[in-house]
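Have a look at upload.pdb; it's PDB, C-alpha atoms (C1' of nucleotides):
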```pdb
MODEL        1
ATOM      1  CA  MET U 124       4.254  21.706  -1.690  1.00  0.00           C
ATOM      2  CA  GLN U 125       4.185  20.525  -5.238  1.00  0.00           C
ATOM      3  CA  ARG U 126       1.430  18.846  -7.144  1.00  0.00           C
ATOM      4  CA  TYR U 127       2.625  15.878  -9.160  1.00  0.00           C
ATOM      5  CA  THR U 128       0.154  16.195 -11.924  1.00  0.00           C
ATOM      6  CA  GLN U 129      -1.519  18.331 -14.357  1.00  0.00           C
ATOM      7  CA  ILE U 130      -5.140  17.432 -14.873  1.00  0.00           C
ATOM      8  CA  GLN U 131      -5.144  14.244 -16.909  1.00  0.00           C
ATOM      9  CA  MET U 132      -7.962  12.025 -17.994  1.00  0.00           C
ATOM     10  CA  THR U 133      -7.815   8.522 -19.332  1.00  0.00           C
ATOM     11  CA  ILE U 134     -10.675   6.412 -20.554  1.00  0.00           C
ATOM     12  CA  PRO U 135     -10.972   3.521 -18.078  1.00  0.00           C
ATOM     13  CA  CYS U 136     -10.305   0.091 -19.532  1.00  0.00           C
ATOM     14  CA  GLN U 137     -13.483  -1.783 -20.261  1.00  0.00           C
ATOM     15  CA  THR U 138     -12.040  -5.262 -20.011  1.00  0.00           C
ATOM     16  CA  THR U 139      -9.346  -7.049 -18.062  1.00  0.00           C
ATOM     17  CA  LYS U 140      -7.677  -7.992 -21.325  1.00  0.00           C
ATOM     18  CA  GLU U 141      -7.460  -4.365 -22.369  1.00  0.00           C
ATOM     19  CA  LEU U 142      -6.044  -3.392 -18.978  1.00  0.00           C
ATOM     20  CA  LEU U 143      -3.439  -6.162 -19.127  1.00  0.00           C
ATOM     21  CA  SER U 144      -2.249  -5.207 -22.581  1.00  0.00           C
ATOM     22  CA  LYS U 145      -1.873  -1.604 -21.439  1.00  0.00           C
ATOM     23  CA  ALA U 146       0.094  -2.770 -18.412  1.00  0.00           C
ATOM     24  CA  TYR U 147       2.319  -5.111 -20.436  1.00  0.00           C
ATOM     25  CA  ALA U 148       3.104  -2.288 -22.832  1.00  0.00           C
ATOM     26  CA  LEU U 149       4.823  -0.481 -19.958  1.00  0.00           C
ATOM     27  CA  ASN U 150       7.294  -3.324 -19.447  1.00  0.00           C
ATOM     28  CA  HIS U 151      10.937  -2.113 -19.542  1.00  0.00           C
ATOM     29  CA  MET U 152       9.910   1.530 -19.658  1.00  0.00           C
ATOM     30  CA  SER U 153      11.527   3.790 -17.069  1.00  0.00           C
ATOM     31  CA  VAL U 154       9.431   5.752 -14.615  1.00  0.00           C
ATOM     32  CA  GLY U 155      10.994   8.905 -16.037  1.00  0.00           C
ATOM     33  CA  GLU U 156       9.862   8.054 -19.566  1.00  0.00           C
ATOM     34  CA  LEU U 157       6.324   7.338 -18.428  1.00  0.00           C
ATOM     35  CA  ALA U 158       6.225  10.567 -16.452  1.00  0.00           C
ATOM     36  CA  ARG U 159       7.364  12.516 -19.478  1.00  0.00           C
ATOM     37  CA  GLN U 160       4.759  10.842 -21.627  1.00  0.00           C
ATOM     38  CA  TRP U 161       2.040  11.976 -19.234  1.00  0.00           C
ATOM     39  CA  GLN U 162       3.603  15.371 -18.622  1.00  0.00           C
ATOM     40  CA  PHE U 163       4.139  14.682 -14.949  1.00  0.00           C
ATOM     41  CA  SER U 164       6.847  16.766 -13.347  1.00  0.00           C
ATOM     42  CA  MET U 165       9.280  14.440 -11.599  1.00  0.00           C
ATOM     43  CA  PRO U 166       9.646  14.972  -7.854  1.00  0.00           C
ATOM     44  CA  ASN U 167      13.159  15.651  -6.597  1.00  0.00           C
ATOM     45  CA  ASP U 168      13.257  13.056  -3.858  1.00  0.00           C
ATOM     46  CA  THR U 169      11.459   9.881  -2.926  1.00  0.00           C
ATOM     47  CA  ARG U 170      10.997  10.862   0.688  1.00  0.00           C
ATOM     48  CA  SER U 171       8.591  13.703   0.083  1.00  0.00           C
ATOM     49  CA  SER U 172       6.865  12.022  -2.863  1.00  0.00           C
ATOM     50  CA  LYS U 173       6.290   8.491  -1.643  1.00  0.00           C
ATOM     51  CA  GLY U 174       3.143   7.915  -3.632  1.00  0.00           C
ATOM     52  CA  PHE U 175       4.457   9.295  -6.905  1.00  0.00           C
ATOM     53  CA  VAL U 176       4.940   6.073  -8.864  1.00  0.00           C
ATOM     54  CA  GLY U 177       1.585   4.724  -7.724  1.00  0.00           C
ATOM     55  CA  GLN U 178      -0.210   7.902  -8.803  1.00  0.00           C
ATOM     56  CA  LEU U 179       1.570   7.901 -12.142  1.00  0.00           C
ATOM     57  CA  LEU U 180       0.516   4.323 -12.886  1.00  0.00           C
ATOM     58  CA  GLU U 181      -3.060   5.084 -11.867  1.00  0.00           C
ATOM     59  CA  ILE U 182      -3.221   7.799 -14.485  1.00  0.00           C
ATOM     60  CA  ALA U 183      -1.367   5.800 -17.128  1.00  0.00           C
ATOM     61  CA  LEU U 184      -3.670   2.805 -16.706  1.00  0.00           C
ATOM     62  CA  GLY U 185      -6.813   4.856 -16.167  1.00  0.00           C
ATOM     63  CA  THR U 186      -8.165   3.875 -12.758  1.00  0.00           C
ATOM     64  CA  ASP U 187     -11.651   5.006 -11.964  1.00  0.00           C
ATOM     65  CA  SER U 188     -11.970   4.871  -8.191  1.00  0.00           C
ATOM     66  CA  GLY U 189     -10.249   8.013  -7.000  1.00  0.00           C
ATOM     67  CA  ASN U 190      -9.552   7.693  -3.292  1.00  0.00           C
ATOM     68  CA  LYS U 191     -12.709   5.799  -2.493  1.00  0.00           C
ATOM     69  CA  PRO U 192     -12.462   2.636  -0.361  1.00  0.00           C
ATOM     70  CA  GLN U 193     -12.808   0.152  -3.204  1.00  0.00           C
ATOM     71  CA  PRO U 194     -10.597  -1.521  -5.801  1.00  0.00           C
ATOM     72  CA  ASP U 195      -9.002   0.825  -8.313  1.00  0.00           C
ATOM     73  CA  PHE U 196     -10.787  -0.749 -11.253  1.00  0.00           C
ATOM     74  CA  GLU U 197     -14.108  -1.182  -9.543  1.00  0.00           C
ATOM     75  CA  HIS U 198     -15.996  -2.570 -12.526  1.00  0.00           C
ATOM     76  CA  LEU U 199     -13.267  -5.183 -13.079  1.00  0.00           C
ATOM     77  CA  GLY U 200     -12.780  -5.890  -9.373  1.00  0.00           C
ATOM     78  CA  ILE U 201      -9.058  -5.288  -9.766  1.00  0.00           C
ATOM     79  CA  GLU U 202      -6.764  -3.441  -7.367  1.00  0.00           C
ATOM     80  CA  LEU U 203      -3.630  -1.785  -8.739  1.00  0.00           C
ATOM     81  CA  LYS U 204      -0.385  -1.979  -6.761  1.00  0.00           C
ATOM     82  CA  THR U 205       3.089  -0.857  -7.633  1.00  0.00           C
ATOM     83  CA  ILE U 206       5.770  -2.740  -5.743  1.00  0.00           C
ATOM     84  CA  PRO U 207       9.464  -1.919  -5.561  1.00  0.00           C
ATOM     85  CA  ILE U 208      11.590  -4.992  -6.272  1.00  0.00           C
ATOM     86  CA  ASN U 209      15.337  -5.400  -6.588  1.00  0.00           C
ATOM     87  CA  PRO U 210      16.862  -6.776  -9.807  1.00  0.00           C
ATOM     88  CA  LYS U 211      16.583 -10.289  -8.316  1.00  0.00           C
ATOM     89  CA  GLY U 212      12.842  -9.879  -8.072  1.00  0.00           C
ATOM     90  CA  GLN U 213      12.666  -9.492  -4.302  1.00  0.00           C
ATOM     91  CA  PRO U 214      10.300  -6.883  -2.844  1.00  0.00           C
ATOM     92  CA  LEU U 215      12.017  -4.074  -0.980  1.00  0.00           C
ATOM     93  CA  GLU U 216       8.990  -3.167   1.099  1.00  0.00           C
ATOM     94  CA  SER U 217       5.826  -4.564   2.559  1.00  0.00           C
ATOM     95  CA  THR U 218       2.658  -3.547   0.732  1.00  0.00           C
ATOM     96  CA  PHE U 219      -0.114  -1.442   2.202  1.00  0.00           C
ATOM     97  CA  ILE U 220      -3.543  -2.778   1.281  1.00  0.00           C
ATOM     98  CA  CYS U 221      -6.153  -0.773   3.157  1.00  0.00           C
ATOM     99  CA  SER U 222      -6.882   0.943   6.411  1.00  0.00           C
ATOM    100  CA  ALA U 223      -8.058  -1.268   9.249  1.00  0.00           C
ATOM    101  CA  PRO U 224     -11.386  -0.752  11.008  1.00  0.00           C
ATOM    102  CA  LEU U 225     -10.738   0.115  14.668  1.00  0.00           C
ATOM    103  CA  ASN U 226     -14.414  -0.446  15.420  1.00  0.00           C
ATOM    104  CA  PRO U 227     -14.995  -3.592  13.363  1.00  0.00           C
ATOM    105  CA  ILE U 228     -18.487  -4.246  12.109  1.00  0.00           C
ATOM    106  CA  LEU U 229     -19.911  -6.964  14.335  1.00  0.00           C
ATOM    107  CA  GLY U 230     -20.441 -10.188  12.452  1.00  0.00           C
ATOM    108  CA  GLN U 231     -18.771  -8.998   9.267  1.00  0.00           C
ATOM    109  CA  THR U 232     -17.168 -11.900   7.446  1.00  0.00           C
ATOM    110  CA  PHE U 233     -13.828 -11.842   5.701  1.00  0.00           C
ATOM    111  CA  GLU U 234     -15.589 -12.062   2.358  1.00  0.00           C
ATOM    112  CA  GLU U 235     -17.477  -8.858   3.188  1.00  0.00           C
ATOM    113  CA  SER U 236     -14.387  -6.967   4.284  1.00  0.00           C
ATOM    114  CA  LEU U 237     -12.656  -4.212   2.394  1.00  0.00           C
ATOM    115  CA  LEU U 238      -9.425  -6.159   2.706  1.00  0.00           C
ATOM    116  CA  TYR U 239     -10.883  -9.089   0.773  1.00  0.00           C
ATOM    117  CA  LYS U 240     -12.405  -6.855  -1.894  1.00  0.00           C
ATOM    118  CA  LYS U 241      -8.949  -5.423  -2.525  1.00  0.00           C
ATOM    119  CA  LEU U 242      -7.044  -8.678  -2.259  1.00  0.00           C
ATOM    120  CA  LYS U 243      -9.156 -10.925  -4.432  1.00  0.00           C
ATOM    121  CA  LYS U 244      -7.563  -9.636  -7.608  1.00  0.00           C
ATOM    122  CA  ILE U 245      -4.463  -7.464  -7.784  1.00  0.00           C
ATOM    123  CA  LEU U 246      -2.591  -6.149 -10.787  1.00  0.00           C
ATOM    124  CA  TRP U 247       0.987  -5.910  -9.538  1.00  0.00           C
ATOM    125  CA  ILE U 248       3.310  -3.553 -11.365  1.00  0.00           C
ATOM    126  CA  PRO U 249       6.883  -4.340 -10.270  1.00  0.00           C
ATOM    127  CA  ILE U 250       9.127  -1.292 -10.113  1.00  0.00           C
ATOM    128  CA  ILE U 251      12.694  -2.477 -10.555  1.00  0.00           C
ATOM    129  CA  THR U 252      14.736  -0.565  -8.050  1.00  0.00           C
ATOM    130  CA  ALA U 253      18.496  -1.050  -7.953  1.00  0.00           C
ATOM    131  CA  GLN U 254      18.732   0.367  -4.436  1.00  0.00           C
ATOM    132  CA  LYS U 255      16.335   2.174  -2.172  1.00  0.00           C
ATOM    133  CA  SER U 256      18.273   5.353  -2.838  1.00  0.00           C
ATOM    134  CA  GLN U 257      17.726   5.114  -6.594  1.00  0.00           C
ATOM    135  CA  PRO U 258      15.676   8.091  -7.831  1.00  0.00           C
ATOM    136  CA  PHE U 259      12.224   7.304  -9.204  1.00  0.00           C
ATOM    137  CA  ILE U 260      13.180   8.692 -12.612  1.00  0.00           C
ATOM    138  CA  GLU U 261      15.745   5.904 -13.113  1.00  0.00           C
ATOM    139  CA  ARG U 262      13.627   3.017 -11.911  1.00  0.00           C
ATOM    140  CA  LYS U 263      12.258   0.651 -14.530  1.00  0.00           C
ATOM    141  CA  ILE U 264       8.786  -0.760 -14.828  1.00  0.00           C
ATOM    142  CA  GLY U 265       8.669  -4.553 -14.874  1.00  0.00           C
ATOM    143  CA  ARG U 266       6.186  -7.020 -16.310  1.00  0.00           C
ATOM    144  CA  ALA U 267       2.750  -6.722 -14.742  1.00  0.00           C
ATOM    145  CA  ILE U 268       1.271  -9.702 -12.925  1.00  0.00           C
ATOM    146  CA  LEU U 269      -2.437 -10.265 -12.466  1.00  0.00           C
ATOM    147  CA  TRP U 270      -2.758 -12.236  -9.237  1.00  0.00           C
ATOM    148  CA  GLU U 271      -5.547 -13.987  -7.394  1.00  0.00           C
ATOM    149  CA  PRO U 272      -4.937 -15.711  -4.066  1.00  0.00           C
ATOM    150  CA  SER U 273      -4.603 -19.481  -4.168  1.00  0.00           C
ATOM    151  CA  THR U 274      -6.683 -21.534  -1.764  1.00  0.00           C
ATOM    152  CA  GLU U 275      -3.812 -21.652   0.700  1.00  0.00           C
ATOM    153  CA  GLU U 276      -3.116 -17.941   0.417  1.00  0.00           C
ATOM    154  CA  TYR U 277      -6.790 -17.138   0.818  1.00  0.00           C
ATOM    155  CA  THR U 278      -7.133 -19.327   3.895  1.00  0.00           C
ATOM    156  CA  THR U 279      -4.031 -17.950   5.574  1.00  0.00           C
ATOM    157  CA  VAL U 280      -4.924 -14.324   4.952  1.00  0.00           C
ATOM    158  CA  LYS U 281      -8.462 -14.988   6.141  1.00  0.00           C
ATOM    159  CA  THR U 282      -7.161 -16.500   9.381  1.00  0.00           C
ATOM    160  CA  ASP U 283      -4.810 -13.542   9.885  1.00  0.00           C
ATOM    161  CA  TRP U 284      -7.662 -11.127   9.295  1.00  0.00           C
ATOM    162  CA  GLU U 285     -10.004 -12.938  11.675  1.00  0.00           C
ATOM    163  CA  GLU U 286      -7.403 -13.010  14.448  1.00  0.00           C
ATOM    164  CA  LEU U 287      -6.530  -9.346  14.067  1.00  0.00           C
ATOM    165  CA  ILE U 288     -10.162  -8.240  13.847  1.00  0.00           C
ATOM    166  CA  GLU U 289     -10.970 -10.278  16.947  1.00  0.00           C
ATOM    167  CA  MET U 290      -8.154  -8.643  18.883  1.00  0.00           C
ATOM    168  CA  ILE U 291      -9.297  -5.201  17.770  1.00  0.00           C
ATOM    169  CA  SER U 292     -12.881  -6.023  18.769  1.00  0.00           C
ATOM    170  CA  LEU U 293     -11.766  -7.244  22.190  1.00  0.00           C
ATOM    171  CA  GLY U 294      -9.835  -4.084  22.959  1.00  0.00           C
ATOM    172  CA  GLN U 295      -6.440  -5.696  22.424  1.00  0.00           C
ATOM    173  CA  LEU U 296      -5.208  -3.087  19.962  1.00  0.00           C
ATOM    174  CA  ALA U 297      -2.398  -2.034  22.275  1.00  0.00           C
ATOM    175  CA  ASN U 298      -1.076  -5.591  22.204  1.00  0.00           C
ATOM    176  CA  ILE U 299      -1.036  -5.943  18.438  1.00  0.00           C
ATOM    177  CA  THR U 300       2.381  -5.535  16.875  1.00  0.00           C
ATOM    178  CA  ALA U 301       3.622  -6.052  13.338  1.00  0.00           C
ATOM    179  CA  ASN U 302       4.656  -9.541  14.439  1.00  0.00           C
ATOM    180  CA  HIS U 303       1.088 -10.796  14.414  1.00  0.00           C
ATOM    181  CA  GLY U 304      -0.169 -12.449  11.267  1.00  0.00           C
ATOM    182  CA  THR U 305       1.446 -14.897   8.853  1.00  0.00           C
ATOM    183  CA  TYR U 306       0.996 -13.015   5.601  1.00  0.00           C
ATOM    184  CA  LEU U 307      -0.802  -9.977   6.955  1.00  0.00           C
ATOM    185  CA  GLN U 308       0.418  -7.291   9.342  1.00  0.00           C
ATOM    186  CA  LEU U 309      -1.370  -4.554  11.241  1.00  0.00           C
ATOM    187  CA  ARG U 310       0.802  -1.445  11.438  1.00  0.00           C
ATOM    188  CA  PRO U 311       0.455   2.290  11.955  1.00  0.00           C
ATOM    189  CA  LYS U 312      -0.911   4.193   8.993  1.00  0.00           C
ATOM    190  CA  ALA U 313      -0.955   7.885   9.728  1.00  0.00           C
ATOM    191  CA  ALA U 314       0.668  11.200   8.969  1.00  0.00           C
ATOM    192  CA  ASN U 315       2.542  10.942  12.267  1.00  0.00           C
ATOM    193  CA  ALA U 316       2.380   9.391  15.730  1.00  0.00           C
ATOM    194  CA  ARG U 317       0.124  12.148  17.079  1.00  0.00           C
ATOM    195  CA  VAL U 318      -2.780  11.352  14.770  1.00  0.00           C
ATOM    196  CA  LEU U 319      -5.633   9.710  16.669  1.00  0.00           C
ATOM    197  CA  SER U 320      -8.778   7.886  15.688  1.00  0.00           C
ATOM    198  CA  LYS U 321     -11.487   6.123  17.675  1.00  0.00           C
ATOM    199  CA  GLY U 322     -10.916   2.580  18.825  1.00  0.00           C
ATOM    200  CA  ILE U 323     -11.893   0.131  21.553  1.00  0.00           C
ATOM    201  CA  GLY U 324     -10.124   0.038  24.926  1.00  0.00           C
ATOM    202  CA  GLU U 325      -9.363  -2.944  27.155  1.00  0.00           C
ATOM    203  CA  GLN U 326     -12.630  -2.556  29.077  1.00  0.00           C
ATOM    204  CA  GLY U 327     -14.588  -2.029  25.882  1.00  0.00           C
ATOM    205  CA  GLU U 328     -14.578   1.734  26.356  1.00  0.00           C
ATOM    206  CA  PRO U 329     -13.956   4.143  23.454  1.00  0.00           C
ATOM    207  CA  ILE U 330     -10.337   5.217  23.193  1.00  0.00           C
ATOM    208  CA  LEU U 331      -8.265   7.353  20.880  1.00  0.00           C
ATOM    209  CA  THR U 332      -5.464   5.477  19.179  1.00  0.00           C
ATOM    210  CA  LEU U 333      -3.147   5.560  16.214  1.00  0.00           C
ATOM    211  CA  PRO U 334      -4.840   4.648  12.920  1.00  0.00           C
ATOM    212  CA  ARG U 335      -3.692   1.279  11.560  1.00  0.00           C
ATOM    213  CA  GLY U 336      -3.558  -0.368   8.194  1.00  0.00           C
ATOM    214  CA  PHE U 337      -3.299  -3.869   6.785  1.00  0.00           C
ATOM    215  CA  TYR U 338      -0.026  -4.659   5.033  1.00  0.00           C
ATOM    216  CA  LEU U 339       1.211  -7.720   3.151  1.00  0.00           C
ATOM    217  CA  ARG U 340       4.603  -8.921   4.348  1.00  0.00           C
ATOM    218  CA  ALA U 341       7.436  -8.714   1.832  1.00  0.00           C
ATOM    219  CA  ASP U 342       8.054 -12.467   2.230  1.00  0.00           C
ATOM    220  CA  PHE U 343       4.531 -13.075   1.028  1.00  0.00           C
ATOM    221  CA  THR U 344       4.600 -10.730  -1.948  1.00  0.00           C
ATOM    222  CA  LYS U 345       7.901 -12.319  -2.904  1.00  0.00           C
ATOM    223  CA  LYS U 346       6.059 -15.626  -3.372  1.00  0.00           C
ATOM    224  CA  ILE U 347       3.331 -13.918  -5.363  1.00  0.00           C
ATOM    225  CA  LEU U 348       5.746 -12.325  -7.782  1.00  0.00           C
ATOM    226  CA  LYS U 349       7.654 -15.517  -8.475  1.00  0.00           C
TER
ATOM    227  C1'  DT J 239      20.660  -5.318   7.442  1.00  0.00           C
ATOM    228  C1'  DG J 240      15.766  -6.563   7.736  1.00  0.00           C
ATOM    229  C1'  DC J 241      11.788  -5.270   9.970  1.00  0.00           C
ATOM    230  C1'  DT J 242       8.719  -2.542  12.751  1.00  0.00           C
ATOM    231  C1'  DG J 243       6.949   1.577  13.823  1.00  0.00           C
ATOM    232  C1'  DA J 244       6.856   6.265  11.936  1.00  0.00           C
ATOM    233  C1'  DT J 245       6.263   9.293   8.336  1.00  0.00           C
ATOM    234  C1'  DC J 246       5.169  12.108   3.685  1.00  0.00           C
ATOM    235  C1'  DA J 247       1.675  13.973   0.140  1.00  0.00           C
ATOM    236  C1'  DT J 248      -3.045  14.674  -1.711  1.00  0.00           C
ATOM    237  C1'  DG J 249      -8.166  14.965  -1.848  1.00  0.00           C
ATOM    238  C1'  DA J 250     -12.828  15.096   0.013  1.00  0.00           C
TER
ATOM    239  C1'  DT B 856     -10.444  12.755   9.945  1.00  0.00           C
ATOM    240  C1'  DC B 857     -10.113   9.180   6.898  1.00  0.00           C
ATOM    241  C1'  DA B 858      -9.379   7.576   2.493  1.00  0.00           C
ATOM    242  C1'  DT B 859      -5.921   7.064  -1.242  1.00  0.00           C
ATOM    243  C1'  DG B 860      -0.782   6.515  -2.951  1.00  0.00           C
ATOM    244  C1'  DA B 861       3.449   4.537  -0.413  1.00  0.00           C
ATOM    245  C1'  DT B 862       8.770   4.834   1.632  1.00  0.00           C
ATOM    246  C1'  DC B 863      11.684   6.245   5.541  1.00  0.00           C
ATOM    247  C1'  DA B 864      14.736   5.340   9.309  1.00  0.00           C
ATOM    248  C1'  DG B 865      16.285   3.572  13.706  1.00  0.00           C
ATOM    249  C1'  DC B 866      17.030  -0.388  16.342  1.00  0.00           C
ATOM    250  C1'  DA B 867      17.194  -5.357  17.418  1.00  0.00           C
TER
ENDMDL
END
```
Taking this structure as input, can you express it in the form of structure tokens?
Amino acid sequence: MQRYTQIQMTIPCQTTKELLSKAYALNHMSVGELARQWQFSMPNDTRSSKGFVGQLLEIALGTDSGNKPQPDFEHLGIELKTIPINPKGQPLESTFICSAPLNPILGQTFEESLLYKKLKKILWIPIITAQKSQPFIERKIGRAILWEPSTEEYTTVKTDWEELIEMISLGQLANITANHGTYLQLRPKAANARVLSKGIGEQGEPILTLPRGFYLRADFTKKILK
DNA sequence: TGCTGATCATGA
DNA sequence: TCATGATCAGCA
């Protein structure tokens, strides 16, 4: 097992403007170049190093949240996401946003949810990926996009969230598939299929079930990046 | 061949 | 175990 990093520290950006100019400066740079600049050792394969590019960008842009459940740039209210896109600008994957509560807080509104806190402002860093098999080192960083949901996007995501949370609350977890939701999906988010966490069963009883996460569909992020 | 369900790595 | 960072891979 290999650590990606040496210990690195960056001074967090104080303003959104400062963060954006840092992000724009990475445009056209390859992931390999950025890794070299930060003395990251490049992983050999994408499979065993899925989070590599995301971690690299966190260091390069100086996030300050660690792995706490809050936006990466907490003081700016901005979440950082790398997203693999093909040369036509189409996302290759859906985007994980946050883990889903399997025992939702009763009465919690969308605005109070972790999902909303992360979604309300996202700095997208496109990673131009010729093919899924292309090694990280060759992939190129694209132009960053600071995004906030439009009224329509906000409303649709909110509706998705409310429907999914209601199903979870009513013990319908077993019936939720990735087909639910217009922009949002609820899908497994675990090390493997044997990982269990506490949820709500059909009769309201506690059950053990696979941890889930909220993801944005690739069709949706495609619109965002346009 | 796109999408859903499964999986990989790290840190606290 | 649960949070973060995501991509893999088999099947419809």
Could you tell me, as a PyMOL selection string, exactly which residues end up selected when the PyMOL selection byres ((chain B) within 8 of (chain U)) is applied to this structure? chain B and resi 856+858-863
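Across the model, the gap from atom C1' of DA867 of chain B to atom CA of Phe343 of chain U is 22.1 Å.
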Neighbouring residues of DC241 of chain J were defined as those with any atom within 12 Å, considering all atoms listed in the file; residues of the same chain fewer than 6 positions away were excluded. Please report them as a PyMOL selection string. (chain U and resi 215-217+300-302+308+310+340-342) or (chain B and resi 864-867)
So that I have them on file, write out the residues from the current selection with C-alpha atoms (C1' of nucleotides), as a JSON list (two decimals), in the frame of the given file.
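Result saved to part.json:
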```json
[["chain", "number", "residue", "atom", "x", "y", "z"],
["U", 215, "LEU", "CA", 12.02, -4.07, -0.98],
["U", 216, "GLU", "CA", 8.99, -3.17, 1.10],
["U", 217, "SER", "CA", 5.83, -4.56, 2.56],
["U", 300, "THR", "CA", 2.38, -5.54, 16.88],
["U", 301, "ALA", "CA", 3.62, -6.05, 13.34],
["U", 302, "ASN", "CA", 4.66, -9.54, 14.44],
["U", 308, "GLN", "CA", 0.42, -7.29, 9.34],
["U", 310, "ARG", "CA", 0.80, -1.44, 11.44],
["U", 340, "ARG", "CA", 4.60, -8.92, 4.35],
["U", 341, "ALA", "CA", 7.44, -8.71, 1.83],
["U", 342, "ASP", "CA", 8.05, -12.47, 2.23],
["B", 864, "DA", "C1'", 14.74, 5.34, 9.31],
["B", 865, "DG", "C1'", 16.28, 3.57, 13.71],
["B", 866, "DC", "C1'", 17.03, -0.39, 16.34],
["B", 867, "DA", "C1'", 17.19, -5.36, 17.42]]
```
One decimal place gives the atom CA of Gly155 of chain U-atom CA of Lys263 of chain U separation as 8.5 Å
For the atom pair atom CA of Ala223 of chain U and atom CA of Ser292 of chain U, what is the interatomic distance in Å to one decimal place? 11.7 Å
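Neighbours of Phe233 of chain U closer than or equal to 10 Å, with only C-alpha atoms (C1' of nucleotides) counted and sequence neighbours fewer than 4 positions away skipped, come out as U:Leu237, U:Leu238, U:Tyr239, U:Lys240, U:Val280, U:Lys281, U:Thr282, U:Trp284, U:Glu285, U:Ile288.
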Counting only C-alpha atoms (C1' of nucleotides), a student should be able to say which residues of chain J come within 7 Å of chain U; what is the right answer, written as an MDAnalysis selection string? chainID J and resid 242:247
Box for chain J: with edges along x, y and z, all listed atoms inside and 8 Å added on each side, what are the centre and edge lengths in Å to one decimal, as JSON?
```
{"center_x": 3.9, "center_y": 4.3, "center_z": 6.0, "size_x": 49.5, "size_y": 37.7, "size_z": 31.7}
```
Evaluate the PyMOL selection byres ((chain U and resi 184) around 10) and report residues as a CSV table (one decimal) with C-alpha atoms, keeping the file's coordinate frame:
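What follows is the written file out_19.csv:
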```csv
chain,number,residue,atom,x,y,z
U,133,THR,CA,-7.8,8.5,-19.3
U,134,ILE,CA,-10.7,6.4,-20.6
U,135,PRO,CA,-11.0,3.5,-18.1
U,136,CYS,CA,-10.3,0.1,-19.5
U,141,GLU,CA,-7.5,-4.4,-22.4
U,142,LEU,CA,-6.0,-3.4,-19.0
U,143,LEU,CA,-3.4,-6.2,-19.1
U,145,LYS,CA,-1.9,-1.6,-21.4
U,146,ALA,CA,0.1,-2.8,-18.4
U,149,LEU,CA,4.8,-0.5,-20.0
U,179,LEU,CA,1.6,7.9,-12.1
U,180,LEU,CA,0.5,4.3,-12.9
U,181,GLU,CA,-3.1,5.1,-11.9
U,182,ILE,CA,-3.2,7.8,-14.5
U,183,ALA,CA,-1.4,5.8,-17.1
U,185,GLY,CA,-6.8,4.9,-16.2
U,186,THR,CA,-8.2,3.9,-12.8
U,187,ASP,CA,-11.7,5.0,-12.0
U,196,PHE,CA,-10.8,-0.7,-11.3
U,203,LEU,CA,-3.6,-1.8,-8.7
```
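Under the PyMOL selection byres ((chain U and resi 257) around 12), the matching residues in the shown file are U:Val154, U:Asn167, U:Asp168, U:Thr169, U:Arg170, U:Pro207, U:Ile208, U:Asn209, U:Ile250, U:Ile251, U:Thr252, U:Ala253, U:Gln254, U:Lys255, U:Ser256, U:Pro258, U:Phe259, U:Ile260, U:Glu261, U:Arg262, U:Lys263.
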Which polymer residues, whether protein, DNA or RNA, lie within 9 Å of the coordinate (-8.4, 4.5, 23.0) when you count only C-alpha atoms (C1' of nucleotides)? List them as a VMD selection string, using the chain letters and numbers from the file. chain U and resid 294 296 to 297 319 to 325 328 to 333
Is there a way to get, as a JSON list (two decimals) with C-alpha atoms, keeping the file's coordinate frame, all residues within 9 Å of the point (-2.3, -16.3, 8.3) in file coordinates, counting only C-alpha atoms (C1' of nucleotides)?
```json
[["chain", "number", "residue", "atom", "x", "y", "z"],
["U", 276, "GLU", "CA", -3.12, -17.94, 0.42],
["U", 277, "TYR", "CA", -6.79, -17.14, 0.82],
["U", 278, "THR", "CA", -7.13, -19.33, 3.90],
["U", 279, "THR", "CA", -4.03, -17.95, 5.57],
["U", 280, "VAL", "CA", -4.92, -14.32, 4.95],
["U", 281, "LYS", "CA", -8.46, -14.99, 6.14],
["U", 282, "THR", "CA", -7.16, -16.50, 9.38],
["U", 283, "ASP", "CA", -4.81, -13.54, 9.88],
["U", 284, "TRP", "CA", -7.66, -11.13, 9.30],
["U", 286, "GLU", "CA", -7.40, -13.01, 14.45],
["U", 303, "HIS", "CA", 1.09, -10.80, 14.41],
["U", 304, "GLY", "CA", -0.17, -12.45, 11.27],
["U", 305, "THR", "CA", 1.45, -14.90, 8.85],
["U", 306, "TYR", "CA", 1.00, -13.02, 5.60],
["U", 307, "LEU", "CA", -0.80, -9.98, 6.96]]
```
